[in-house]
Amino acid sequence: MQQSQDTNTQKQFSREQRWEIVRNLLQRSNLSSEAKQAFHQAYSNAPEEMLIRFLVMA
């Protein structure tokens, strides 16, 4: 049941709304530091090499 709710949550935003979110995120001056902080919070035991790969792929 949880998977069904997650799928519905993803559909709440239109394509245009999602692109607006992306544009707003890219305009942030501290995007890189926020991304690093979020990565470390989500994967606290991850080696630094994973962080570098994550940021390069983003």
# chains A, B, ... in the order shown; residues from 1 in each chain; ligands from 1

$ residues_around --residues "stretch 30-40 of chain A" --least-positions-apart "2" --cutoff "10 Å" --atoms "only C-alpha atoms" --output "list in words"
Leu25, Leu26, Gln27, Arg28, Ala42, Tyr43, Ser44, Asn45, Ala46, Pro47, Glu48, Met50, Leu51, Ile52, Phe54, Leu55 and Ala58 of chain A

$ write_last_selection --atoms "N, CA and C atoms" --output "tab-separated table (two decimals), in the first residue's frame"
chain	number	residue	atom	x	y	z
A	25	LEU	N	16.16	25.48	-7.89
A	25	LEU	CA	17.28	24.85	-7.18
A	25	LEU	C	18.62	25.25	-7.80
A	26	LEU	N	18.67	25.28	-9.12
A	26	LEU	CA	19.92	25.61	-9.80
A	26	LEU	C	20.33	27.07	-9.59
A	27	GLN	N	19.40	27.92	-9.24
A	27	GLN	CA	19.71	29.32	-9.01
A	27	GLN	C	20.27	29.58	-7.61
A	28	ARG	N	20.22	28.60	-6.76
A	28	ARG	CA	20.74	28.77	-5.40
A	28	ARG	C	22.26	28.91	-5.44
A	42	ALA	N	21.85	11.69	4.42
A	42	ALA	CA	21.21	10.48	3.93
A	42	ALA	C	22.12	9.26	4.01
A	43	TYR	N	23.41	9.46	3.78
A	43	TYR	CA	24.39	8.37	3.74
A	43	TYR	C	25.57	8.71	4.64
A	44	SER	N	25.33	8.72	5.93
A	44	SER	CA	26.34	9.18	6.89
A	44	SER	C	27.62	8.35	6.89
A	45	ASN	N	27.55	7.09	6.50
A	45	ASN	CA	28.73	6.23	6.51
A	45	ASN	C	29.38	6.10	5.14
A	46	ALA	N	28.89	6.83	4.15
A	46	ALA	CA	29.43	6.70	2.79
A	46	ALA	C	30.82	7.30	2.70
A	47	PRO	N	31.71	6.65	1.95
A	47	PRO	CA	33.06	7.21	1.76
A	47	PRO	C	33.00	8.46	0.87
A	48	GLU	N	34.00	9.28	0.98
A	48	GLU	CA	34.07	10.54	0.23
A	48	GLU	C	34.00	10.31	-1.28
A	50	MET	N	32.12	8.30	-2.88
A	50	MET	CA	30.71	8.25	-3.29
A	50	MET	C	30.13	9.64	-3.42
A	51	LEU	N	30.52	10.53	-2.56
A	51	LEU	CA	30.04	11.91	-2.62
A	51	LEU	C	30.50	12.57	-3.91
A	52	ILE	N	31.73	12.35	-4.27
A	52	ILE	CA	32.28	12.95	-5.49
A	52	ILE	C	31.51	12.42	-6.69
A	54	PHE	N	28.48	11.24	-6.73
A	54	PHE	CA	27.12	11.77	-6.64
A	54	PHE	C	27.07	13.19	-7.22
A	55	LEU	N	28.01	14.03	-6.85
A	55	LEU	CA	28.00	15.42	-7.30
A	55	LEU	C	28.32	15.53	-8.79
A	58	ALA	N	25.18	14.60	-10.77
A	58	ALA	CA	24.05	15.53	-10.61
A	58	ALA	C	24.07	16.63	-11.61

$ decode --residues "stretch 19-33 of chain A" --atoms "all heavy atoms" --output "PDB file, in the first residue's frame"
ATOM      1  N   TRP A  19       9.946  21.267 -13.564  1.00  0.00           N
ATOM      2  CA  TRP A  19      11.030  22.045 -14.165  1.00  0.00           C
ATOM      3  C   TRP A  19      11.228  23.361 -13.425  1.00  0.00           C
ATOM      4  O   TRP A  19      12.358  23.834 -13.287  1.00  0.00           O
ATOM      5  CB  TRP A  19      10.770  22.293 -15.648  1.00  0.00           C
ATOM      6  CG  TRP A  19      11.211  21.129 -16.473  1.00  0.00           C
ATOM      7  CD1 TRP A  19      10.424  20.287 -17.193  1.00  0.00           C
ATOM      8  CD2 TRP A  19      12.545  20.646 -16.647  1.00  0.00           C
ATOM      9  NE1 TRP A  19      11.190  19.320 -17.796  1.00  0.00           N
ATOM     10  CE2 TRP A  19      12.497  19.514 -17.484  1.00  0.00           C
ATOM     11  CE3 TRP A  19      13.789  21.063 -16.156  1.00  0.00           C
ATOM     12  CZ2 TRP A  19      13.631  18.802 -17.858  1.00  0.00           C
ATOM     13  CZ3 TRP A  19      14.925  20.350 -16.529  1.00  0.00           C
ATOM     14  CH2 TRP A  19      14.833  19.239 -17.361  1.00  0.00           C
ATOM     15  N   GLU A  20      10.169  23.960 -12.929  1.00  0.00           N
ATOM     16  CA  GLU A  20      10.302  25.197 -12.156  1.00  0.00           C
ATOM     17  C   GLU A  20      11.082  24.936 -10.866  1.00  0.00           C
ATOM     18  O   GLU A  20      11.943  25.733 -10.478  1.00  0.00           O
ATOM     19  CB  GLU A  20       8.922  25.759 -11.831  1.00  0.00           C
ATOM     20  CG  GLU A  20       8.987  27.074 -11.072  1.00  0.00           C
ATOM     21  CD  GLU A  20       7.615  27.640 -10.779  1.00  0.00           C
ATOM     22  OE1 GLU A  20       6.608  27.117 -11.287  1.00  0.00           O
ATOM     23  OE2 GLU A  20       7.558  28.617 -10.026  1.00  0.00           O
ATOM     24  N   ILE A  21      10.817  23.813 -10.240  1.00  0.00           N
ATOM     25  CA  ILE A  21      11.564  23.442  -9.033  1.00  0.00           C
ATOM     26  C   ILE A  21      13.044  23.270  -9.362  1.00  0.00           C
ATOM     27  O   ILE A  21      13.912  23.765  -8.640  1.00  0.00           O
ATOM     28  CB  ILE A  21      10.978  22.152  -8.410  1.00  0.00           C
ATOM     29  CG1 ILE A  21       9.584  22.435  -7.846  1.00  0.00           C
ATOM     30  CG2 ILE A  21      11.908  21.591  -7.335  1.00  0.00           C
ATOM     31  CD1 ILE A  21       8.815  21.195  -7.462  1.00  0.00           C
ATOM     32  N   VAL A  22      13.337  22.588 -10.445  1.00  0.00           N
ATOM     33  CA  VAL A  22      14.732  22.383 -10.858  1.00  0.00           C
ATOM     34  C   VAL A  22      15.414  23.722 -11.121  1.00  0.00           C
ATOM     35  O   VAL A  22      16.528  23.966 -10.660  1.00  0.00           O
ATOM     36  CB  VAL A  22      14.809  21.477 -12.111  1.00  0.00           C
ATOM     37  CG1 VAL A  22      16.212  21.458 -12.692  1.00  0.00           C
ATOM     38  CG2 VAL A  22      14.342  20.073 -11.771  1.00  0.00           C
ATOM     39  N   ARG A  23      14.758  24.605 -11.870  1.00  0.00           N
ATOM     40  CA  ARG A  23      15.344  25.921 -12.157  1.00  0.00           C
ATOM     41  C   ARG A  23      15.617  26.696 -10.875  1.00  0.00           C
ATOM     42  O   ARG A  23      16.683  27.301 -10.711  1.00  0.00           O
ATOM     43  CB  ARG A  23      14.425  26.728 -13.070  1.00  0.00           C
ATOM     44  CG  ARG A  23      14.478  26.315 -14.522  1.00  0.00           C
ATOM     45  CD  ARG A  23      13.769  27.309 -15.433  1.00  0.00           C
ATOM     46  NE  ARG A  23      12.342  27.414 -15.141  1.00  0.00           N
ATOM     47  CZ  ARG A  23      11.400  26.617 -15.660  1.00  0.00           C
ATOM     48  NH1 ARG A  23      11.747  25.665 -16.502  1.00  0.00           N
ATOM     49  NH2 ARG A  23      10.134  26.786 -15.358  1.00  0.00           N
ATOM     50  N   ASN A  24      14.685  26.664  -9.947  1.00  0.00           N
ATOM     51  CA  ASN A  24      14.881  27.372  -8.682  1.00  0.00           C
ATOM     52  C   ASN A  24      16.034  26.788  -7.882  1.00  0.00           C
ATOM     53  O   ASN A  24      16.808  27.533  -7.266  1.00  0.00           O
ATOM     54  CB  ASN A  24      13.597  27.355  -7.856  1.00  0.00           C
ATOM     55  CG  ASN A  24      12.528  28.253  -8.424  1.00  0.00           C
ATOM     56  OD1 ASN A  24      12.823  29.232  -9.105  1.00  0.00           O
ATOM     57  ND2 ASN A  24      11.279  27.927  -8.158  1.00  0.00           N
ATOM     58  N   LEU A  25      16.164  25.479  -7.889  1.00  0.00           N
ATOM     59  CA  LEU A  25      17.282  24.851  -7.185  1.00  0.00           C
ATOM     60  C   LEU A  25      18.618  25.248  -7.798  1.00  0.00           C
ATOM     61  O   LEU A  25      19.589  25.519  -7.093  1.00  0.00           O
ATOM     62  CB  LEU A  25      17.134  23.332  -7.187  1.00  0.00           C
ATOM     63  CG  LEU A  25      16.084  22.763  -6.249  1.00  0.00           C
ATOM     64  CD1 LEU A  25      15.880  21.280  -6.517  1.00  0.00           C
ATOM     65  CD2 LEU A  25      16.457  23.012  -4.803  1.00  0.00           C
ATOM     66  N   LEU A  26      18.668  25.278  -9.121  1.00  0.00           N
ATOM     67  CA  LEU A  26      19.922  25.613  -9.796  1.00  0.00           C
ATOM     68  C   LEU A  26      20.334  27.065  -9.588  1.00  0.00           C
ATOM     69  O   LEU A  26      21.502  27.407  -9.729  1.00  0.00           O
ATOM     70  CB  LEU A  26      19.821  25.304 -11.286  1.00  0.00           C
ATOM     71  CG  LEU A  26      19.743  23.818 -11.623  1.00  0.00           C
ATOM     72  CD1 LEU A  26      19.496  23.623 -13.105  1.00  0.00           C
ATOM     73  CD2 LEU A  26      20.992  23.094 -11.170  1.00  0.00           C
ATOM     74  N   GLN A  27      19.397  27.918  -9.237  1.00  0.00           N
ATOM     75  CA  GLN A  27      19.710  29.322  -9.007  1.00  0.00           C
ATOM     76  C   GLN A  27      20.269  29.579  -7.609  1.00  0.00           C
ATOM     77  O   GLN A  27      20.751  30.658  -7.334  1.00  0.00           O
ATOM     78  CB  GLN A  27      18.465  30.182  -9.235  1.00  0.00           C
ATOM     79  CG  GLN A  27      18.069  30.255 -10.689  1.00  0.00           C
ATOM     80  CD  GLN A  27      16.781  31.027 -10.898  1.00  0.00           C
ATOM     81  OE1 GLN A  27      16.138  31.464  -9.955  1.00  0.00           O
ATOM     82  NE2 GLN A  27      16.393  31.193 -12.148  1.00  0.00           N
ATOM     83  N   ARG A  28      20.217  28.598  -6.755  1.00  0.00           N
ATOM     84  CA  ARG A  28      20.743  28.771  -5.395  1.00  0.00           C
ATOM     85  C   ARG A  28      22.255  28.907  -5.444  1.00  0.00           C
ATOM     86  O   ARG A  28      22.946  28.137  -6.108  1.00  0.00           O
ATOM     87  CB  ARG A  28      20.392  27.584  -4.510  1.00  0.00           C
ATOM     88  CG  ARG A  28      18.943  27.488  -4.172  1.00  0.00           C
ATOM     89  CD  ARG A  28      18.745  26.349  -3.216  1.00  0.00           C
ATOM     90  NE  ARG A  28      17.366  26.254  -2.806  1.00  0.00           N
ATOM     91  CZ  ARG A  28      16.942  25.391  -1.899  1.00  0.00           C
ATOM     92  NH1 ARG A  28      17.775  24.546  -1.322  1.00  0.00           N
ATOM     93  NH2 ARG A  28      15.672  25.357  -1.569  1.00  0.00           N
ATOM     94  N   SER A  29      22.766  29.867  -4.716  1.00  0.00           N
ATOM     95  CA  SER A  29      24.214  30.092  -4.713  1.00  0.00           C
ATOM     96  C   SER A  29      24.963  29.023  -3.918  1.00  0.00           C
ATOM     97  O   SER A  29      26.121  28.743  -4.183  1.00  0.00           O
ATOM     98  CB  SER A  29      24.532  31.473  -4.151  1.00  0.00           C
ATOM     99  OG  SER A  29      24.064  31.576  -2.818  1.00  0.00           O
ATOM    100  N   ASN A  30      24.310  28.422  -2.951  1.00  0.00           N
ATOM    101  CA  ASN A  30      24.976  27.431  -2.098  1.00  0.00           C
ATOM    102  C   ASN A  30      24.507  26.009  -2.412  1.00  0.00           C
ATOM    103  O   ASN A  30      24.505  25.156  -1.547  1.00  0.00           O
ATOM    104  CB  ASN A  30      24.728  27.769  -0.635  1.00  0.00           C
ATOM    105  CG  ASN A  30      23.251  27.845  -0.287  1.00  0.00           C
ATOM    106  OD1 ASN A  30      22.402  27.861  -1.162  1.00  0.00           O
ATOM    107  ND2 ASN A  30      22.941  27.882   0.991  1.00  0.00           N
ATOM    108  N   LEU A  31      24.139  25.760  -3.650  1.00  0.00           N
ATOM    109  CA  LEU A  31      23.610  24.459  -4.043  1.00  0.00           C
ATOM    110  C   LEU A  31      24.594  23.327  -3.753  1.00  0.00           C
ATOM    111  O   LEU A  31      24.218  22.287  -3.233  1.00  0.00           O
ATOM    112  CB  LEU A  31      23.236  24.461  -5.526  1.00  0.00           C
ATOM    113  CG  LEU A  31      22.632  23.176  -6.071  1.00  0.00           C
ATOM    114  CD1 LEU A  31      21.322  22.849  -5.362  1.00  0.00           C
ATOM    115  CD2 LEU A  31      22.407  23.287  -7.554  1.00  0.00           C
ATOM    116  N   SER A  32      25.860  23.542  -4.061  1.00  0.00           N
ATOM    117  CA  SER A  32      26.861  22.489  -3.859  1.00  0.00           C
ATOM    118  C   SER A  32      26.977  22.113  -2.380  1.00  0.00           C
ATOM    119  O   SER A  32      26.975  20.931  -2.034  1.00  0.00           O
ATOM    120  CB  SER A  32      28.209  22.946  -4.387  1.00  0.00           C
ATOM    121  OG  SER A  32      29.188  21.969  -4.141  1.00  0.00           O
ATOM    122  N   SER A  33      27.059  23.098  -1.509  1.00  0.00           N
ATOM    123  CA  SER A  33      27.198  22.786  -0.083  1.00  0.00           C
ATOM    124  C   SER A  33      25.921  22.150   0.466  1.00  0.00           C
ATOM    125  O   SER A  33      25.982  21.255   1.302  1.00  0.00           O
ATOM    126  CB  SER A  33      27.567  24.034   0.718  1.00  0.00           C
ATOM    127  OG  SER A  33      26.552  25.010   0.619  1.00  0.00           O
TER     128      SER A  33
END
